[in-house]
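Have a look at the structure below before the remarks.
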Protein chains: 2
Amino acid sequence: MLGNLVPSVQQKVLDQMKKRPKLIVLDTMNFWMDNCWDDLIEALKNVDVLTINDEEAQQLSGEHSLVNAAKKIRKMGPKYLIIKKGEHGAMLFGDDQIFSAPALPLEKVFDPTGAGDSFAGGFVGYLSNEKEISFEKMKTAVIYGSVMASFCVEKFGTERLAEITSKDVLERAQKFVELSSFDI
Amino acid sequence: MLGNLVPSVQQKVLDQMKKRPKLIVLDTMNFWMDNCWDDLIEALKNVDVLTINDEEAQQLSGEHSLVNAAKKIRKMGPKYLIIKKGEHGAMLFGDDQIFSAPALPLEKVFDPTGAGDSFAGGFVGYLSNEKEISFEKMKTAVIYGSVMASFCVEKFGTERLAEITSKDVLERAQKFVELSSFDI
């Protein structure tokens, strides 16, 4: 999991690994697109999953439609793209597959700082326990990422994440099921 | 289904009915909030479902959080509130229950005109075939509303809606299942 950092350092981390991990996820932001474009494009060639927000996906691709943005970005290297949309949830794009995850509707967002990092932690934390990584597994990972982000924003810093248990995590994941399930 | 119109006329339609329908849905917009506030508040007392967009929900309630907005609006009359969020989908609020429906990710929105009306048509059209109306049924109705809206924006005016078949509607509803289903 390459956290949101200067792209040349993200690439250096990869260069130091003797064996390629089974999954490489890179998080980045508009600042690196504005200031280190070439290094970012280079690092993107070597990762499996990119996580960015909707405006960043538009900036990186030059496309307004997120469907078209995802097509272009997936040709830059990452096989999977996650677009984080804050209170509107998150989207996962793969090969001809799209998953749309809701965000948990909250009465109050105490502090959004760290929501993206918590999402990334929940996402890779879930997948690190899985032997095989498929689109189906990634969908579940997006839900656990959303669960961790929803806890993060309830208090300052890591306060809320430090006090929750596995049971809290599972209970909240169940809330995402209730929120999005329907019959046709 | 009281379409988006001057609230005093919406109320007059209700006054003319000898028997109360099993479900009354009212659609409105910011213009009526700005210009006919009192009449709108009066009409709202007599309906079961209100459909508005996210900004209008904030204007009507004075609350930023959609969860809090829904709580206030549901005390004004409607037992159910649908908040339409365009490309971010739609939310249905009931008694301690929330449903979050995705929007179909589109490469191109040809013309968004009529999407809200198409949503309302799909929503009430589905429910009019159901004997009992529950939150579960309403969730499905929100999906069929979203399906009709997704067709509407593909061409000008009613062009696309005029050419689709029941099979097209069912196939697209299946796309919403694929888009939002996951296991935890």
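Ordering of the structure tokens sets the chain letters (A, B, ...), residue numbers begin anew at 1 in every chain, and ligands are numbered from 1 in the order given.
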
For Lys137 in chain B, work out the shell of residues within 9 Å, counting only C-alpha atoms and skipping chain neighbours fewer than 5 positions away, then give it as a list in words.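 Close residues of Lys137 in chain B: Phe182 and Asp183 of chain A; Tyr126, Leu127, Glu130, Glu132 and Val142 of chain B.
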
Just N, CA and C atoms for this one: save the residues we selected as a PDB file, in the first residue's frame.
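Written file, selection-v7.pdb:
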```
ATOM      1  N   PHE A 182     -31.671  -4.868  -2.226  1.00  0.00           N
ATOM      2  CA  PHE A 182     -33.042  -4.759  -2.740  1.00  0.00           C
ATOM      3  C   PHE A 182     -33.342  -5.969  -3.622  1.00  0.00           C
ATOM      4  N   ASP A 183     -34.615  -6.214  -3.857  1.00  0.00           N
ATOM      5  CA  ASP A 183     -35.057  -7.265  -4.785  1.00  0.00           C
ATOM      6  C   ASP A 183     -35.690  -6.632  -6.012  1.00  0.00           C
TER       7      ASP A 183
ATOM      8  N   TYR B 126     -44.248   1.277 -10.821  1.00  0.00           N
ATOM      9  CA  TYR B 126     -43.988  -0.016 -10.171  1.00  0.00           C
ATOM     10  C   TYR B 126     -44.950  -0.244  -9.006  1.00  0.00           C
ATOM     11  N   LEU B 127     -45.127   0.758  -8.160  1.00  0.00           N
ATOM     12  CA  LEU B 127     -45.957   0.589  -6.957  1.00  0.00           C
ATOM     13  C   LEU B 127     -47.441   0.415  -7.293  1.00  0.00           C
ATOM     14  N   GLU B 130     -48.554  -3.067  -7.238  1.00  0.00           N
ATOM     15  CA  GLU B 130     -48.384  -3.807  -5.986  1.00  0.00           C
ATOM     16  C   GLU B 130     -49.599  -3.616  -5.081  1.00  0.00           C
ATOM     17  N   GLU B 132     -49.720  -4.298  -1.721  1.00  0.00           N
ATOM     18  CA  GLU B 132     -49.300  -3.687  -0.455  1.00  0.00           C
ATOM     19  C   GLU B 132     -48.055  -2.840  -0.684  1.00  0.00           C
ATOM     20  N   VAL B 142     -37.736   2.490  -6.226  1.00  0.00           N
ATOM     21  CA  VAL B 142     -36.652   3.463  -6.439  1.00  0.00           C
ATOM     22  C   VAL B 142     -35.710   2.964  -7.538  1.00  0.00           C
TER      23      VAL B 142
END
```

Which chain B residues have any atom within 6 Å of an atom of chain A, and for each, what is the nearest pair of atoms with distance in Å to one decimal, counting only C-alpha atoms, rows sorted by chain and number, as JSON lines?
```
{"residue": "B:Ser65", "atom": "CA", "partner": "A:Glu107", "partner_atom": "CA", "distance": 5.8}
{"residue": "B:Val67", "atom": "CA", "partner": "A:Glu107", "partner_atom": "CA", "distance": 5.4}
{"residue": "B:Asn68", "atom": "CA", "partner": "A:Glu107", "partner_atom": "CA", "distance": 5.9}
{"residue": "B:Ile98", "atom": "CA", "partner": "A:Leu179", "partner_atom": "CA", "distance": 6.0}
{"residue": "B:Phe99", "atom": "CA", "partner": "A:Leu179", "partner_atom": "CA", "distance": 4.7}
{"residue": "B:Ser100", "atom": "CA", "partner": "A:Ser180", "partner_atom": "CA", "distance": 5.4}
{"residue": "B:Glu107", "atom": "CA", "partner": "A:Val67", "partner_atom": "CA", "distance": 5.4}
{"residue": "B:Thr140", "atom": "CA", "partner": "A:Ile184", "partner_atom": "CA", "distance": 5.8}
{"residue": "B:Leu179", "atom": "CA", "partner": "A:Phe99", "partner_atom": "CA", "distance": 4.8}
{"residue": "B:Ser180", "atom": "CA", "partner": "A:Ser100", "partner_atom": "CA", "distance": 5.4}
{"residue": "B:Ile184", "atom": "CA", "partner": "A:Thr140", "partner_atom": "CA", "distance": 5.8}
```

I need the residues from that last selection saved to file as a PDB file, in the first residue's frame (with N, CA and C atoms), if you can.
```
ATOM      1  N   SER B  65     -26.870  18.027   6.789  1.00  0.00           N
ATOM      2  CA  SER B  65     -26.848  16.552   6.728  1.00  0.00           C
ATOM      3  C   SER B  65     -28.178  16.043   6.191  1.00  0.00           C
ATOM      4  N   VAL B  67     -29.381  13.140   6.527  1.00  0.00           N
ATOM      5  CA  VAL B  67     -30.042  12.335   7.565  1.00  0.00           C
ATOM      6  C   VAL B  67     -30.911  13.232   8.438  1.00  0.00           C
ATOM      7  N   ASN B  68     -30.350  14.362   8.851  1.00  0.00           N
ATOM      8  CA  ASN B  68     -31.123  15.307   9.665  1.00  0.00           C
ATOM      9  C   ASN B  68     -32.225  15.983   8.847  1.00  0.00           C
ATOM     10  N   ILE B  98     -33.060   3.457   5.896  1.00  0.00           N
ATOM     11  CA  ILE B  98     -32.522   4.228   4.773  1.00  0.00           C
ATOM     12  C   ILE B  98     -32.098   3.260   3.674  1.00  0.00           C
ATOM     13  N   PHE B  99     -32.404   3.595   2.447  1.00  0.00           N
ATOM     14  CA  PHE B  99     -31.955   2.816   1.299  1.00  0.00           C
ATOM     15  C   PHE B  99     -31.182   3.739   0.366  1.00  0.00           C
ATOM     16  N   SER B 100     -30.035   3.267  -0.087  1.00  0.00           N
ATOM     17  CA  SER B 100     -29.195   4.054  -0.980  1.00  0.00           C
ATOM     18  C   SER B 100     -29.091   3.328  -2.319  1.00  0.00           C
ATOM     19  N   GLU B 107     -21.451   6.651 -19.942  1.00  0.00           N
ATOM     20  CA  GLU B 107     -20.349   7.281 -20.675  1.00  0.00           C
ATOM     21  C   GLU B 107     -20.727   8.708 -21.046  1.00  0.00           C
ATOM     22  N   THR B 140     -37.507  -1.282  -4.268  1.00  0.00           N
ATOM     23  CA  THR B 140     -37.559  -1.776  -5.650  1.00  0.00           C
ATOM     24  C   THR B 140     -38.080  -0.680  -6.581  1.00  0.00           C
ATOM     25  N   LEU B 179     -24.415  -3.919 -10.248  1.00  0.00           N
ATOM     26  CA  LEU B 179     -23.676  -2.724  -9.844  1.00  0.00           C
ATOM     27  C   LEU B 179     -23.539  -2.597  -8.330  1.00  0.00           C
ATOM     28  N   SER B 180     -24.525  -3.111  -7.602  1.00  0.00           N
ATOM     29  CA  SER B 180     -24.548  -2.811  -6.171  1.00  0.00           C
ATOM     30  C   SER B 180     -24.487  -4.024  -5.254  1.00  0.00           C
ATOM     31  N   ILE B 184     -20.409  -9.853   2.382  1.00  0.00           N
ATOM     32  CA  ILE B 184     -19.460  -9.466   3.445  1.00  0.00           C
ATOM     33  C   ILE B 184     -19.030 -10.714   4.216  1.00  0.00           C
TER      34      ILE B 184
END
```

Length of the CA of Cys152 in chain A to CA of Gly86 in chain A vector [Å]: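 CA of Gly86 in chain A lies at a distance of 12.5 Å from CA of Cys152 in chain A.
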
From a DSSP calculation on the backbone, collect every residue of range 20-164 of chain A in strand (DSSP E) and output the set as JSON, numbers by chain. {"A": [25, 26, 27, 49, 50, 51, 52, 53, 80, 81, 82, 83, 84, 90, 91, 92, 93, 98, 99, 100, 101]}

Restricting it to N, CA and C atoms, dump the selection as a tab-separated table (two decimals), in the first residue's frame.
```tsv
chain	number	residue	atom	x	y	z
A	25	VAL	N	-1.19	-1.28	-4.30
A	25	VAL	CA	-2.19	-0.22	-4.35
A	25	VAL	C	-1.49	1.11	-4.19
A	26	LEU	N	-1.83	2.08	-5.00
A	26	LEU	CA	-1.24	3.41	-4.90
A	26	LEU	C	-2.34	4.45	-4.67
A	27	ASP	N	-2.12	5.29	-3.67
A	27	ASP	CA	-3.01	6.42	-3.39
A	27	ASP	C	-2.26	7.68	-3.79
A	49	VAL	N	-3.74	-1.26	-8.37
A	49	VAL	CA	-4.95	-0.51	-8.01
A	49	VAL	C	-4.58	0.94	-7.73
A	50	LEU	N	-5.36	1.86	-8.27
A	50	LEU	CA	-5.19	3.28	-7.95
A	50	LEU	C	-6.42	3.76	-7.21
A	51	THR	N	-6.21	4.50	-6.11
A	51	THR	CA	-7.36	5.11	-5.41
A	51	THR	C	-7.21	6.63	-5.47
A	52	ILE	N	-8.23	7.29	-6.02
A	52	ILE	CA	-8.28	8.75	-6.09
A	52	ILE	C	-9.73	9.21	-5.93
A	53	ASN	N	-9.94	10.52	-5.83
A	53	ASN	CA	-11.33	10.98	-5.77
A	53	ASN	C	-11.84	11.36	-7.17
A	80	TYR	N	-7.18	-1.97	-11.79
A	80	TYR	CA	-8.40	-1.57	-11.07
A	80	TYR	C	-8.29	-0.11	-10.65
A	81	LEU	N	-9.43	0.57	-10.70
A	81	LEU	CA	-9.47	1.96	-10.26
A	81	LEU	C	-10.57	2.11	-9.22
A	82	ILE	N	-10.23	2.75	-8.11
A	82	ILE	CA	-11.25	3.08	-7.12
A	82	ILE	C	-11.41	4.59	-7.10
A	83	ILE	N	-12.64	5.05	-7.30
A	83	ILE	CA	-12.92	6.49	-7.23
A	83	ILE	C	-13.72	6.75	-5.96
A	84	LYS	N	-13.13	7.54	-5.07
A	84	LYS	CA	-13.77	7.87	-3.79
A	84	LYS	C	-14.59	9.14	-3.97
A	90	ALA	N	-18.24	5.17	-3.04
A	90	ALA	CA	-17.04	4.87	-3.81
A	90	ALA	C	-17.39	3.95	-4.97
A	91	MET	N	-16.60	4.04	-6.03
A	91	MET	CA	-16.82	3.17	-7.19
A	91	MET	C	-15.55	2.39	-7.49
A	92	LEU	N	-15.74	1.13	-7.88
A	92	LEU	CA	-14.62	0.26	-8.25
A	92	LEU	C	-14.80	-0.10	-9.72
A	93	PHE	N	-13.76	0.15	-10.51
A	93	PHE	CA	-13.80	-0.17	-11.94
A	93	PHE	C	-12.79	-1.28	-12.24
A	98	ILE	N	-18.25	-2.79	-13.02
A	98	ILE	CA	-18.29	-1.62	-12.14
A	98	ILE	C	-19.05	-1.98	-10.88
A	99	PHE	N	-18.54	-1.54	-9.75
A	99	PHE	CA	-19.24	-1.71	-8.47
A	99	PHE	C	-19.43	-0.34	-7.84
A	100	SER	N	-20.63	-0.10	-7.36
A	100	SER	CA	-20.93	1.18	-6.74
A	100	SER	C	-21.29	0.95	-5.27
A	101	ALA	N	-20.47	1.46	-4.36
A	101	ALA	CA	-20.70	1.29	-2.92
A	101	ALA	C	-21.27	2.57	-2.34
```

Within range 73-177 of chain B, find each residue whose DSSP state, derived from the backbone, is helix (DSSP H, G or I), and express the selection as a PyMOL selection string. chain B and resi 73-74+86-88+115-128+135-152+159-163+166-177

Put those residues in a file: N, CA and C atoms, as a compact mmCIF listing (two decimals), in the first residue's frame.
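Saved as result32.txt:
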```
# COMPACT_ATOMS: atom_id res chain seq x y z
N ILE B 73 -38.06 16.74 7.55
CA ILE B 73 -39.06 16.75 6.46
C ILE B 73 -40.14 15.71 6.73
N ARG B 74 -39.74 14.55 7.31
CA ARG B 74 -40.73 13.51 7.59
C ARG B 74 -41.69 13.94 8.71
N GLY B 86 -28.95 12.79 -8.75
CA GLY B 86 -28.41 12.75 -10.11
C GLY B 86 -27.45 11.60 -10.31
N GLU B 87 -26.22 11.91 -10.76
CA GLU B 87 -25.24 10.86 -11.05
C GLU B 87 -24.81 10.08 -9.79
N HIS B 88 -25.17 10.60 -8.60
CA HIS B 88 -24.80 9.91 -7.37
C HIS B 88 -25.93 9.01 -6.86
N ALA B 115 -35.29 13.66 -16.40
CA ALA B 115 -34.82 12.52 -15.61
C ALA B 115 -35.64 12.39 -14.32
N GLY B 116 -35.92 13.51 -13.67
CA GLY B 116 -36.69 13.47 -12.42
C GLY B 116 -38.12 12.99 -12.64
N ASP B 117 -38.73 13.43 -13.72
CA ASP B 117 -40.10 13.00 -14.04
C ASP B 117 -40.12 11.51 -14.41
N SER B 118 -39.10 11.07 -15.15
CA SER B 118 -39.02 9.66 -15.52
C SER B 118 -38.84 8.81 -14.27
N PHE B 119 -38.03 9.31 -13.33
CA PHE B 119 -37.84 8.61 -12.05
C PHE B 119 -39.19 8.46 -11.36
N ALA B 120 -39.94 9.56 -11.27
CA ALA B 120 -41.24 9.54 -10.58
C ALA B 120 -42.18 8.56 -11.27
N GLY B 121 -42.17 8.55 -12.60
CA GLY B 121 -43.03 7.63 -13.34
C GLY B 121 -42.69 6.18 -13.08
N GLY B 122 -41.40 5.86 -13.11
CA GLY B 122 -40.97 4.48 -12.84
C GLY B 122 -41.32 4.07 -11.42
N PHE B 123 -41.15 5.01 -10.49
CA PHE B 123 -41.41 4.75 -9.07
C PHE B 123 -42.89 4.43 -8.83
N VAL B 124 -43.78 5.32 -9.25
CA VAL B 124 -45.21 5.09 -9.00
C VAL B 124 -45.76 4.00 -9.92
N GLY B 125 -45.18 3.90 -11.12
CA GLY B 125 -45.63 2.84 -12.03
C GLY B 125 -45.42 1.48 -11.43
N TYR B 126 -44.25 1.28 -10.82
CA TYR B 126 -43.99 -0.02 -10.17
C TYR B 126 -44.95 -0.24 -9.01
N LEU B 127 -45.13 0.76 -8.16
CA LEU B 127 -45.96 0.59 -6.96
C LEU B 127 -47.44 0.41 -7.29
N SER B 128 -47.87 0.98 -8.42
CA SER B 128 -49.30 0.88 -8.77
C SER B 128 -49.69 -0.56 -9.07
N PHE B 135 -41.71 -0.62 2.85
CA PHE B 135 -40.40 -0.03 2.57
C PHE B 135 -39.64 -0.88 1.56
N GLU B 136 -39.76 -2.22 1.68
CA GLU B 136 -39.09 -3.12 0.73
C GLU B 136 -39.58 -2.88 -0.69
N LYS B 137 -40.88 -2.75 -0.86
CA LYS B 137 -41.45 -2.49 -2.19
C LYS B 137 -40.98 -1.13 -2.72
N MET B 138 -40.89 -0.17 -1.82
CA MET B 138 -40.45 1.17 -2.23
C MET B 138 -39.00 1.16 -2.70
N LYS B 139 -38.17 0.32 -2.06
CA LYS B 139 -36.77 0.19 -2.49
C LYS B 139 -36.73 -0.25 -3.96
N THR B 140 -37.51 -1.28 -4.27
CA THR B 140 -37.56 -1.78 -5.65
C THR B 140 -38.08 -0.68 -6.58
N ALA B 141 -39.09 0.06 -6.09
CA ALA B 141 -39.66 1.14 -6.91
C ALA B 141 -38.60 2.21 -7.20
N VAL B 142 -37.74 2.49 -6.23
CA VAL B 142 -36.65 3.46 -6.44
C VAL B 142 -35.71 2.96 -7.54
N ILE B 143 -35.46 1.66 -7.55
CA ILE B 143 -34.60 1.08 -8.61
C ILE B 143 -35.27 1.26 -9.98
N TYR B 144 -36.57 0.95 -10.08
CA TYR B 144 -37.24 1.11 -11.37
C TYR B 144 -37.34 2.59 -11.77
N GLY B 145 -37.46 3.46 -10.80
CA GLY B 145 -37.39 4.90 -11.11
C GLY B 145 -36.03 5.26 -11.68
N SER B 146 -34.98 4.72 -11.08
CA SER B 146 -33.61 5.00 -11.54
C SER B 146 -33.39 4.41 -12.93
N VAL B 147 -33.98 3.25 -13.18
CA VAL B 147 -33.88 2.61 -14.50
C VAL B 147 -34.49 3.53 -15.57
N MET B 148 -35.70 4.02 -15.29
CA MET B 148 -36.37 4.88 -16.28
C MET B 148 -35.60 6.18 -16.50
N ALA B 149 -35.06 6.74 -15.43
CA ALA B 149 -34.26 7.98 -15.56
C ALA B 149 -33.02 7.72 -16.40
N SER B 150 -32.42 6.54 -16.24
CA SER B 150 -31.19 6.23 -16.98
C SER B 150 -31.48 6.11 -18.48
N PHE B 151 -32.66 5.64 -18.85
CA PHE B 151 -33.05 5.61 -20.27
C PHE B 151 -33.32 7.03 -20.77
N CYS B 152 -34.06 7.79 -19.97
CA CYS B 152 -34.48 9.14 -20.38
C CYS B 152 -33.32 10.00 -20.87
N GLU B 159 -37.83 10.50 -26.55
CA GLU B 159 -37.41 9.62 -27.65
C GLU B 159 -37.01 8.22 -27.19
N ARG B 160 -36.13 8.17 -26.21
CA ARG B 160 -35.62 6.87 -25.76
C ARG B 160 -36.70 6.08 -25.03
N LEU B 161 -37.48 6.77 -24.19
CA LEU B 161 -38.53 6.08 -23.43
C LEU B 161 -39.58 5.49 -24.36
N ALA B 162 -39.79 6.15 -25.51
CA ALA B 162 -40.82 5.68 -26.45
C ALA B 162 -40.41 4.39 -27.15
N GLU B 163 -39.11 4.13 -27.23
CA GLU B 163 -38.68 2.97 -28.02
C GLU B 163 -38.32 1.74 -27.18
N SER B 166 -40.47 -3.72 -22.24
CA SER B 166 -40.41 -4.25 -20.87
C SER B 166 -39.11 -5.03 -20.65
N LYS B 167 -38.69 -5.73 -21.70
CA LYS B 167 -37.46 -6.53 -21.61
C LYS B 167 -36.26 -5.61 -21.35
N ASP B 168 -36.21 -4.49 -22.04
CA ASP B 168 -35.12 -3.53 -21.83
C ASP B 168 -35.10 -3.05 -20.37
N VAL B 169 -36.30 -2.81 -19.83
CA VAL B 169 -36.42 -2.31 -18.46
C VAL B 169 -35.89 -3.36 -17.48
N LEU B 170 -36.31 -4.62 -17.69
CA LEU B 170 -35.87 -5.69 -16.79
C LEU B 170 -34.37 -5.92 -16.88
N GLU B 171 -33.83 -5.85 -18.10
CA GLU B 171 -32.39 -6.04 -18.28
C GLU B 171 -31.59 -4.94 -17.58
N ARG B 172 -32.11 -3.73 -17.67
CA ARG B 172 -31.39 -2.63 -17.01
C ARG B 172 -31.50 -2.73 -15.49
N ALA B 173 -32.65 -3.17 -15.00
CA ALA B 173 -32.79 -3.37 -13.56
C ALA B 173 -31.76 -4.39 -13.07
N GLN B 174 -31.50 -5.40 -13.91
CA GLN B 174 -30.49 -6.41 -13.56
C GLN B 174 -29.10 -5.77 -13.47
N LYS B 175 -28.86 -4.77 -14.29
CA LYS B 175 -27.58 -4.05 -14.23
C LYS B 175 -27.41 -3.34 -12.89
N PHE B 176 -28.51 -2.85 -12.34
CA PHE B 176 -28.44 -2.21 -11.02
C PHE B 176 -28.10 -3.24 -9.94
N VAL B 177 -28.59 -4.47 -10.11
CA VAL B 177 -28.24 -5.53 -9.17
C VAL B 177 -26.74 -5.80 -9.22
```

Quote the spacing between CA of Gln11 in chain B and CA of Lys45 in chain B in Å to one decimal place. 10.0 Å

All residues 12 Å or closer to Met33 in chain A, only C-alpha atoms, same chain fewer than 2 positions away omitted, as a compact mmCIF listing (two decimals) with C-alpha atoms, in the first residue's frame:
```
# COMPACT_ATOMS: atom_id res chain seq x y z
CA ASN A 4 -0.32 9.39 -0.70
CA LEU A 5 3.27 10.66 -1.11
CA VAL A 6 5.65 12.12 -3.69
CA PRO A 7 5.48 9.65 -6.63
CA ASP A 27 -3.01 6.42 -3.39
CA THR A 28 -2.31 9.88 -4.77
CA MET A 29 -3.90 13.33 -5.11
CA ASN A 30 -4.20 16.46 -7.26
CA PHE A 31 -1.05 18.04 -5.72
CA ASN A 35 3.68 19.12 -9.51
CA CYS A 36 5.12 15.67 -10.38
CA TRP A 37 3.09 14.56 -13.40
CA ASP A 38 5.84 12.56 -15.18
CA ASP A 39 6.92 10.69 -12.03
CA LEU A 40 3.31 9.87 -11.23
CA ILE A 41 2.64 8.52 -14.74
CA GLU A 42 5.79 6.38 -14.39
CA LEU A 44 1.25 4.22 -12.21
CA ILE A 52 -8.28 8.75 -6.09
CA GLU A 55 -12.11 15.33 -9.38
CA GLU A 56 -8.67 13.73 -9.46
CA ALA A 57 -9.91 11.02 -11.82
CA GLN A 58 -11.17 13.79 -14.13
CA GLN A 59 -7.85 15.67 -13.87
CA LEU A 60 -5.74 12.57 -14.51
CA SER A 61 -7.79 11.45 -17.53
CA GLY A 62 -9.06 14.72 -18.97
```

Can you measure CA of Gln10 in chain B to CA of Trp32 in chain B for me? One decimal in Å is fine. 11.6 Å

Given only C-alpha atoms as the counted atoms, nearest of A:Gly94, A:Lys12, A:Val47, A:Arg20 to Ala70 in chain A: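 Result for the nearest residue to Ala70 in chain A: A:Gly94.
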